[in-house]
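The data block below is target-v5.cif; it holds mmCIF, C-alpha atoms.
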```cif
data_target
#
loop_
_atom_site.label_atom_id
_atom_site.label_comp_id
_atom_site.auth_asym_id
_atom_site.auth_seq_id
_atom_site.Cartn_x
_atom_site.Cartn_y
_atom_site.Cartn_z
CA MET A 284 0.00 0.00 0.00
CA THR A 285 3.07 2.24 -0.15
CA ASN A 286 1.99 3.71 -3.50
CA TYR A 287 -0.81 5.66 -1.82
CA ALA A 288 -0.66 9.09 -0.19
CA ALA A 289 -0.56 7.45 3.28
CA ASP A 290 0.00 3.99 4.70
CA LEU A 291 -0.18 2.21 8.06
CA GLN A 292 3.24 3.52 9.06
CA ASN A 293 2.14 7.13 8.43
CA VAL A 294 -1.04 6.52 10.43
CA ARG A 295 0.88 5.10 13.39
CA ALA A 296 3.20 8.14 13.30
CA ALA A 297 0.14 10.41 13.22
CA ALA A 298 -1.33 8.60 16.25
CA GLN A 299 1.84 9.37 18.24
CA ARG A 300 1.84 12.98 17.04
CA ILE A 301 -1.75 13.72 18.07
CA ALA A 302 -1.73 11.66 21.31
CA GLY A 303 -2.72 13.89 24.21
CA ARG A 304 -3.98 16.54 21.79
CA ALA A 305 -6.92 14.80 20.09
CA HIS A 306 -9.49 12.77 22.04
CA ARG A 307 -9.53 9.00 21.89
CA THR A 308 -13.28 8.93 21.22
CA PRO A 309 -15.59 6.36 22.82
CA VAL A 310 -17.59 3.62 21.11
CA ALA A 311 -21.35 3.50 21.76
CA THR A 312 -24.02 0.90 21.05
CA CYS A 313 -27.81 0.98 20.78
CA ALA A 314 -30.01 -2.11 21.19
CA THR A 315 -32.75 -0.56 19.03
CA ILE A 316 -30.38 -0.02 16.10
CA ASP A 317 -28.94 -3.54 16.55
CA ARG A 318 -32.49 -4.89 16.29
CA LEU A 319 -33.38 -2.78 13.24
CA THR A 320 -30.21 -3.76 11.35
CA GLY A 321 -29.95 -7.37 12.51
CA ARG A 322 -26.24 -6.79 13.35
CA ARG A 323 -24.11 -5.65 16.26
CA VAL A 324 -23.44 -1.99 15.45
CA PHE A 325 -20.65 -0.04 17.15
CA PHE A 326 -20.68 3.73 16.84
CA LYS A 327 -17.30 5.50 16.79
CA CYS A 328 -18.22 8.82 18.37
CA GLU A 329 -16.21 11.36 16.39
CA HIS A 330 -18.94 13.92 17.07
CA LEU A 331 -17.33 14.02 20.54
CA GLN A 332 -13.90 14.83 19.05
CA LYS A 333 -12.46 18.33 19.57
CA VAL A 334 -14.30 20.87 17.34
CA GLY A 335 -17.13 18.31 17.19
CA ALA A 336 -15.76 16.36 14.22
CA PHE A 337 -13.13 13.84 13.06
CA LYS A 338 -11.47 16.69 11.13
CA PHE A 339 -9.39 17.65 14.15
CA ARG A 340 -7.30 14.47 13.84
CA GLY A 341 -6.02 15.28 10.36
CA ALA A 342 -5.62 19.01 11.00
CA CYS A 343 -3.73 18.39 14.23
CA ASN A 344 -1.41 15.90 12.52
CA ALA A 345 -0.71 18.23 9.58
CA VAL A 346 -0.10 21.30 11.75
CA MET A 347 2.06 19.53 14.34
CA LYS A 348 4.17 17.86 11.63
CA LEU A 349 5.20 21.15 10.01
CA PRO A 350 8.92 21.98 10.35
CA GLU A 351 9.54 24.94 12.65
CA GLU A 352 10.61 27.34 9.86
CA LEU A 353 7.37 26.70 7.91
CA ALA A 354 5.13 26.72 10.97
CA ALA A 355 6.46 30.15 11.94
CA ARG A 356 4.77 31.61 8.82
CA GLY A 357 1.41 30.16 9.77
CA VAL A 358 -1.12 28.01 7.92
CA VAL A 359 -3.97 28.70 5.53
CA THR A 360 -6.96 26.69 4.38
CA HIS A 361 -10.33 27.21 2.74
CA SER A 362 -13.37 25.65 4.37
CA SER A 363 -16.88 26.61 5.38
CA GLY A 364 -17.14 24.11 8.20
CA ASN A 365 -15.45 21.57 10.43
CA HIS A 366 -12.00 21.63 8.79
CA ALA A 367 -11.87 25.42 9.26
CA GLN A 368 -12.42 25.03 13.00
CA ALA A 369 -9.98 22.12 13.21
CA VAL A 370 -7.11 24.03 11.55
CA ALA A 371 -7.80 27.11 13.68
CA LEU A 372 -7.65 25.10 16.92
CA ALA A 373 -4.59 23.05 15.90
CA ALA A 374 -2.75 26.26 14.96
CA ARG A 375 -3.66 27.86 18.30
CA MET A 376 -2.33 24.79 20.12
CA ARG A 377 0.97 25.16 18.23
CA GLY A 378 1.06 28.91 18.79
CA ILE A 379 0.98 29.93 15.12
CA GLU A 380 -1.36 31.97 12.92
CA ALA A 381 -4.22 30.37 10.97
CA HIS A 382 -5.78 32.16 7.99
CA ILE A 383 -9.16 30.63 7.20
CA VAL A 384 -10.78 31.49 3.87
CA MET A 385 -14.55 31.14 4.32
CA PRO A 386 -17.34 31.80 1.80
CA SER A 387 -19.69 34.68 2.56
CA ASN A 388 -22.61 32.23 2.94
CA ALA A 389 -20.91 30.08 5.62
CA LEU A 390 -23.09 29.50 8.68
CA ALA A 391 -22.61 32.27 11.23
CA VAL A 392 -22.23 29.67 14.01
CA LYS A 393 -19.29 28.06 12.15
CA ARG A 394 -17.58 31.39 11.43
CA ARG A 395 -17.96 32.36 15.10
CA ALA A 396 -16.38 29.06 16.17
CA VAL A 397 -13.38 29.63 13.87
CA GLU A 398 -12.87 33.11 15.32
CA GLU A 399 -13.19 31.79 18.89
CA TYR A 400 -10.44 29.25 18.13
CA GLY A 401 -8.22 32.14 17.06
CA GLY A 402 -8.52 31.75 13.29
CA GLN A 403 -8.27 34.88 11.13
CA VAL A 404 -11.26 34.67 8.78
CA VAL A 405 -10.78 35.94 5.22
CA GLU A 406 -14.16 36.17 3.48
CA CYS A 407 -14.65 35.29 -0.20
CA GLU A 408 -17.44 34.69 -2.70
CA PRO A 409 -19.16 31.29 -2.35
CA THR A 410 -17.43 29.57 -5.28
CA LEU A 411 -14.54 27.10 -5.36
CA GLU A 412 -12.61 29.42 -7.69
CA ALA A 413 -12.96 32.31 -5.23
CA ARG A 414 -11.84 30.11 -2.34
CA GLU A 415 -8.73 28.98 -4.23
CA THR A 416 -7.72 32.43 -5.53
CA THR A 417 -8.25 34.02 -2.09
CA ALA A 418 -6.18 31.30 -0.41
CA ALA A 419 -3.45 31.79 -3.05
CA ALA A 420 -3.40 35.54 -2.32
CA VAL A 421 -3.02 34.88 1.43
CA ILE A 422 -0.15 32.44 0.74
CA ALA A 423 1.58 35.00 -1.53
CA GLU A 424 1.29 37.67 1.17
CA THR A 425 2.21 35.63 4.25
CA GLY A 426 4.17 32.57 3.08
CA ALA A 427 1.74 30.43 5.09
CA THR A 428 1.49 26.68 4.33
CA PHE A 429 -1.73 25.50 2.68
CA ILE A 430 -3.49 22.58 4.39
CA HIS A 431 -6.03 21.00 2.05
CA PRO A 432 -9.27 19.85 3.73
CA TYR A 433 -8.88 16.23 2.54
CA ASP A 434 -6.46 15.74 -0.39
CA HIS A 435 -3.31 15.87 1.73
CA PRO A 436 -1.14 12.95 2.96
CA ASP A 437 -0.97 14.18 6.57
CA ILE A 438 -4.73 14.81 6.68
CA ILE A 439 -5.42 11.28 5.40
CA ALA A 440 -2.96 9.76 7.90
CA GLY A 441 -4.53 11.70 10.77
CA GLN A 442 -8.04 10.50 9.91
CA GLY A 443 -6.72 6.93 9.76
CA THR A 444 -6.06 7.01 13.51
CA ILE A 445 -9.80 6.29 13.88
CA SER A 446 -9.19 2.75 12.55
CA LEU A 447 -6.30 2.12 14.96
CA GLU A 448 -8.56 2.95 17.89
CA LEU A 449 -11.58 1.07 16.53
CA ILE A 450 -9.74 -2.19 16.00
CA GLU A 451 -8.47 -2.03 19.60
CA GLN A 452 -11.87 -1.05 20.99
CA VAL A 453 -14.02 -3.59 19.09
CA PRO A 454 -12.52 -7.10 18.80
CA GLY A 455 -13.70 -9.18 15.87
CA LEU A 456 -14.88 -6.25 13.74
CA ASN A 457 -15.96 -7.38 10.23
CA ALA A 458 -16.66 -4.02 8.60
CA ILE A 459 -16.46 -0.23 8.92
CA VAL A 460 -19.00 2.16 7.38
CA ALA A 461 -18.15 5.85 7.03
CA PRO A 462 -19.61 8.80 5.10
CA ILE A 463 -17.82 10.01 1.99
CA GLY A 464 -17.43 13.55 0.63
CA GLY A 465 -13.88 14.46 -0.37
CA GLY A 466 -12.73 11.05 0.81
CA GLY A 467 -10.12 12.02 3.41
CA LEU A 468 -11.91 10.20 6.22
CA ILE A 469 -12.59 6.95 4.42
CA SER A 470 -9.14 6.93 2.75
CA GLY A 471 -7.45 7.10 6.13
CA ILE A 472 -9.79 4.44 7.49
CA CYS A 473 -8.94 2.18 4.54
CA VAL A 474 -5.15 2.40 4.72
CA ALA A 475 -5.09 1.80 8.49
CA ALA A 476 -7.81 -0.86 8.73
CA LYS A 477 -6.62 -2.82 5.70
CA GLY A 478 -3.03 -2.47 6.87
CA LEU A 479 -3.95 -4.10 10.18
CA ASN A 480 -6.48 -6.61 8.83
CA PRO A 481 -6.74 -7.08 5.04
CA ALA A 482 -10.01 -9.01 5.51
CA ILE A 483 -11.88 -6.09 7.08
CA ARG A 484 -14.53 -4.62 4.79
CA VAL A 485 -14.90 -0.87 4.26
CA LEU A 486 -18.13 0.60 2.90
CA ALA A 487 -18.97 4.22 2.16
CA ALA A 488 -22.24 6.06 2.74
CA GLU A 489 -23.24 8.86 0.38
CA PRO A 490 -26.34 11.03 -0.18
CA LEU A 491 -28.19 10.39 -3.43
CA GLY A 492 -28.11 14.15 -4.00
CA ALA A 493 -24.29 14.14 -4.01
CA ASP A 494 -23.48 10.71 -5.42
CA ASP A 495 -20.22 11.36 -7.27
CA ALA A 496 -18.40 8.59 -5.37
CA ALA A 497 -21.02 6.00 -6.33
CA ARG A 498 -20.87 7.16 -9.96
CA SER A 499 -17.06 7.18 -9.92
CA MET A 500 -16.97 3.61 -8.60
CA ALA A 501 -19.46 2.47 -11.25
CA ALA A 502 -17.47 4.15 -14.04
CA GLY A 503 -14.04 3.12 -12.73
CA LYS A 504 -12.81 6.71 -13.05
CA LEU A 505 -13.06 9.89 -11.00
CA ILE A 506 -16.27 11.81 -11.74
CA LEU A 507 -16.43 15.25 -10.18
CA GLN A 508 -19.37 16.59 -8.23
CA THR A 509 -21.32 19.23 -10.17
CA GLU A 510 -24.53 20.37 -8.48
CA PRO A 511 -24.85 18.60 -5.12
CA ASN A 512 -28.14 18.96 -3.30
CA THR A 513 -28.30 17.41 0.16
CA ILE A 514 -28.86 18.27 3.79
CA ALA A 515 -25.51 16.55 4.51
CA ASP A 516 -23.44 19.71 4.05
CA GLY A 517 -20.18 17.97 4.93
CA LEU A 518 -20.48 15.64 1.93
CA LEU A 519 -20.75 18.13 -0.94
CA THR A 520 -17.19 17.94 -2.28
CA SER A 521 -15.63 15.75 -4.96
CA MET A 522 -12.88 13.27 -4.21
CA GLY A 523 -9.31 14.33 -4.95
CA ASP A 524 -6.26 12.94 -6.75
CA LEU A 525 -4.95 11.36 -3.52
CA THR A 526 -8.21 10.05 -2.07
CA TRP A 527 -9.79 8.59 -5.23
CA PRO A 528 -7.21 5.80 -5.84
CA ILE A 529 -7.56 4.60 -2.23
CA VAL A 530 -11.36 4.63 -2.42
CA ARG A 531 -11.31 2.92 -5.82
CA ASP A 532 -9.05 0.12 -4.64
CA HIS A 533 -10.28 -0.51 -1.09
CA VAL A 534 -13.91 0.55 -0.63
CA GLU A 535 -16.10 -2.47 -1.31
CA ARG A 536 -19.24 -0.51 -2.06
CA VAL A 537 -20.82 2.94 -1.86
CA ILE A 538 -24.33 2.81 -0.40
CA THR A 539 -26.45 5.81 -1.43
CA VAL A 540 -29.22 7.09 0.84
CA GLY A 541 -32.07 9.55 0.28
CA GLU A 542 -32.73 12.75 2.20
CA ASP A 543 -35.66 11.24 4.12
CA GLU A 544 -33.48 8.31 5.15
CA ILE A 545 -30.78 10.68 6.43
CA VAL A 546 -33.28 12.71 8.49
CA THR A 547 -34.93 9.54 9.87
CA ALA A 548 -31.53 8.12 10.85
CA MET A 549 -30.46 11.40 12.47
CA ARG A 550 -33.65 11.55 14.50
CA LEU A 551 -33.32 7.88 15.52
CA ALA A 552 -29.73 8.48 16.67
CA TRP A 553 -30.81 11.52 18.73
CA GLU A 554 -33.97 9.94 20.17
CA ARG A 555 -33.02 6.34 20.85
CA ALA A 556 -29.21 6.30 21.09
CA LYS A 557 -28.78 9.85 22.49
CA LEU A 558 -26.11 10.45 19.86
CA LEU A 559 -26.40 14.11 18.81
CA ILE A 560 -24.99 13.83 15.30
CA GLU A 561 -25.14 16.06 12.21
CA PRO A 562 -26.71 15.01 8.88
CA SER A 563 -23.37 13.98 7.32
CA ALA A 564 -22.83 11.46 10.13
CA ALA A 565 -26.47 10.36 9.87
CA ALA A 566 -25.82 9.31 6.26
CA ALA A 567 -23.66 6.46 7.61
CA VAL A 568 -26.37 5.44 10.08
CA ALA A 569 -28.92 5.51 7.24
CA ALA A 570 -26.64 3.25 5.18
CA VAL A 571 -26.56 0.48 7.82
CA LEU A 572 -30.35 0.75 8.20
CA SER A 573 -30.87 0.45 4.43
CA GLU A 574 -32.15 -2.52 2.45
CA ALA A 575 -28.93 -2.47 0.42
CA PHE A 576 -26.86 -3.05 3.56
CA ARG A 577 -29.24 -5.74 4.84
CA GLU A 578 -28.51 -7.76 1.70
CA ILE A 579 -24.73 -7.81 2.31
CA ALA A 580 -23.73 -11.19 3.77
CA GLU A 581 -21.21 -12.13 6.46
CA ILE A 582 -21.15 -8.88 8.39
CA ASP A 583 -22.26 -9.32 11.99
CA ARG A 584 -20.06 -6.75 13.79
CA VAL A 585 -19.95 -3.40 12.01
CA ALA A 586 -18.53 -0.05 13.12
CA VAL A 587 -20.20 3.16 11.98
CA VAL A 588 -18.08 6.31 12.10
CA LEU A 589 -20.18 9.22 13.37
CA SER A 590 -18.17 11.91 11.61
CA GLY A 591 -19.45 15.03 13.37
CA GLY A 592 -22.07 16.72 15.50
CA ASN A 593 -22.05 20.37 14.41
CA THR A 594 -25.71 21.10 13.76
CA ASP A 595 -27.58 24.38 13.46
CA LEU A 596 -29.87 23.91 16.48
CA ASP A 597 -32.22 26.64 15.25
CA ASN A 598 -32.85 24.74 11.98
CA LEU A 599 -33.20 21.06 12.81
CA PRO A 600 -34.42 19.03 9.79
CA TRP A 601 -37.54 17.87 11.59
#
```
Please rewrite the model in this file as structure tokens.
Amino acid sequence: MTNYAADLQNVRAAAQRIAGRAHRTPVATCATIDRLTGRRVFFKCEHLQKVGAFKFRGACNAVMKLPEELAARGVVTHSSGNHAQAVALAARMRGIEAHIVMPSNALAVKRRAVEEYGGQVVECEPTLEARETTAAAVIAETGATFIHPYDHPDIIAGQGTISLELIEQVPGLNAIVAPIGGGGLISGICVAAKGLNPAIRVLAAEPLGADDAARSMAAGKLILQTEPNTIADGLLTSMGDLTWPIVRDHVERVITVGEDEIVTAMRLAWERAKLLIEPSAAAAVAAVLSEAFREIAEIDRVAVVLSGGNTDLDNLPW
């Protein structure tokens, strides 16, 4: 697996780097969800990670790994959500500046969180082109290092630390299900889990309204996202040059779920399991509740990665 952007060795190094900085998140279970799925389901509670999302693992690894001379010039990223907060907090912990390019339509609650973590918000128009050109201008002015939200070896390695913990926490795990957007999370999960146990099965969960990963897998080539439309706002991006090959080679299947299924799963997680997750995480819960998952044989112990819990409490989907 050494041809990929990250491998088990990189993930183990990341685990040492972020130890004592990132939380080792707990695993939860819910008898109701076990009964509904007909499997033992283990929830990896990344919504309880710092900044309320798995993103802190990768951001912390990338920021802490920077050589001193680069770190002194600060870091820059573009993000409207969890990665923005993660980079801001990781930079504050290292004592360096973080320039966070955020679109003008980013949720006020997320912008506030970035500012509270010490990030310097640079506003731009809500287009990918504007994000990239604004970030480039900040880099030209400051010499800061760009940390991509998902298509970055250190980000992928950091997210892979989830698998290291899971395999220790849940003996005899057959499969891991995680949501997919840009693919940083599931790429890291793949390289670590498959590195430890080649027989473990990795499945991705994706909204029907943003199904570029499912279409890419069917076509055998990377198909970019064009007009995503889903409540799962963390899953709107296309995969990248580093994440796609890992997904292509190691994800067994992408299970697509509808908007109603995502909302139903989110409500079930809140109501019955007391797991206060966001819609992107609920996509993975919806996947294990789906008919498509029920038909997959020889999985009796499955982990579901609850990717985040940053929800606009004034606009709950029910």
Problem - Residues within 10 Å of Met347 (chain A), only C-alpha atoms, excluding chain neighbours under 6 positions, as an MDAnalysis selection string - result: chainID A and resid 297 300:301 341 354 373:374 376:377 437
Handout entry: Residues returned when the PyMOL selection byres ((chain A and resi 460) around 7) runs on this file, as a PyMOL selection string
Key = chain A and resi 458-459+461+485-488+567+586-588
Show which residues sit within 10 Å of Ala482 (chain A), as a PDB file with C-alpha atoms, in the coordinates of the input. Count all atoms listed in the file, and ignore same-chain residues fewer than 3 positions away.
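The file below, out_1.pdb, is the result:
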```pdb
ATOM      1  CA  LEU A 456     -14.880  -6.250  13.740  1.00  0.00           C
ATOM      2  CA  ASN A 457     -15.960  -7.380  10.230  1.00  0.00           C
ATOM      3  CA  ALA A 458     -16.660  -4.020   8.600  1.00  0.00           C
ATOM      4  CA  ALA A 476      -7.810  -0.860   8.730  1.00  0.00           C
ATOM      5  CA  LYS A 477      -6.620  -2.820   5.700  1.00  0.00           C
ATOM      6  CA  GLY A 478      -3.030  -2.470   6.870  1.00  0.00           C
ATOM      7  CA  LEU A 479      -3.950  -4.100  10.180  1.00  0.00           C
ATOM      8  CA  VAL A 485     -14.900  -0.870   4.260  1.00  0.00           C
TER       9      VAL A 485
END
```
Problem - Counting all atoms listed in the file, the option among A:Asn286, A:Thr428, A:Asn598, A:Asn344 closest to Ala302 (chain A) - result: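 Residue with the minimum atom-to-atom distance to Ala302 (chain A): A:Asn344.
If only C-alpha atoms are the atoms counted, then among A:Ala314, A:Leu349, A:Lys393, A:Asp595 the closest residue to Ile379 (chain A) is A:Leu349.
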Practice task
Taking the file above as input, evaluate the PyMOL selection byres ((chain A and resi 491) around 10) and report the hits as a PyMOL selection string.
Solution key: chain A and resi 488-490+492-495+497+511-513+538-542
Run the PyMOL selection byres ((chain A and resi 305) around 9) against the file shown and list the residues it catches, as a tab-separated table (two decimals) with C-alpha atoms, keeping the file's coordinate frame.
```tsv
chain	number	residue	atom	x	y	z
A	301	ILE	CA	-1.75	13.72	18.07
A	302	ALA	CA	-1.73	11.66	21.31
A	303	GLY	CA	-2.72	13.89	24.21
A	304	ARG	CA	-3.98	16.54	21.79
A	306	HIS	CA	-9.49	12.77	22.04
A	307	ARG	CA	-9.53	9.00	21.89
A	308	THR	CA	-13.28	8.93	21.22
A	332	GLN	CA	-13.90	14.83	19.05
A	333	LYS	CA	-12.46	18.33	19.57
A	339	PHE	CA	-9.39	17.65	14.15
A	340	ARG	CA	-7.30	14.47	13.84
A	343	CYS	CA	-3.73	18.39	14.23
```
Handout entry: Atom pair CA of Thr520 (chain A) / CA of Asn480 (chain A): separation (Å)
Key = 29.0 Å
Exercise for the section: Considering all atoms listed in the file, state which residue in the set A:Ser499, A:Thr594, A:Ser446, A:Ser521 is at the smallest distance from Ala475 (chain A). Expected result: A:Ser446
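With CA of Leu331 (chain A) on one side and CA of Ile445 (chain A) on the other, the separation reads 12.7 Å.
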Exercise for the section: Can you work out which one of A:Ile450, A:Leu519, A:Gly466, A:Phe429 has the shortest atom-to-atom distance to Phe325 (chain A), counting all atoms listed in the file? Expected result: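 Closest to Phe325 (chain A) of all the choices is A:Ile450.
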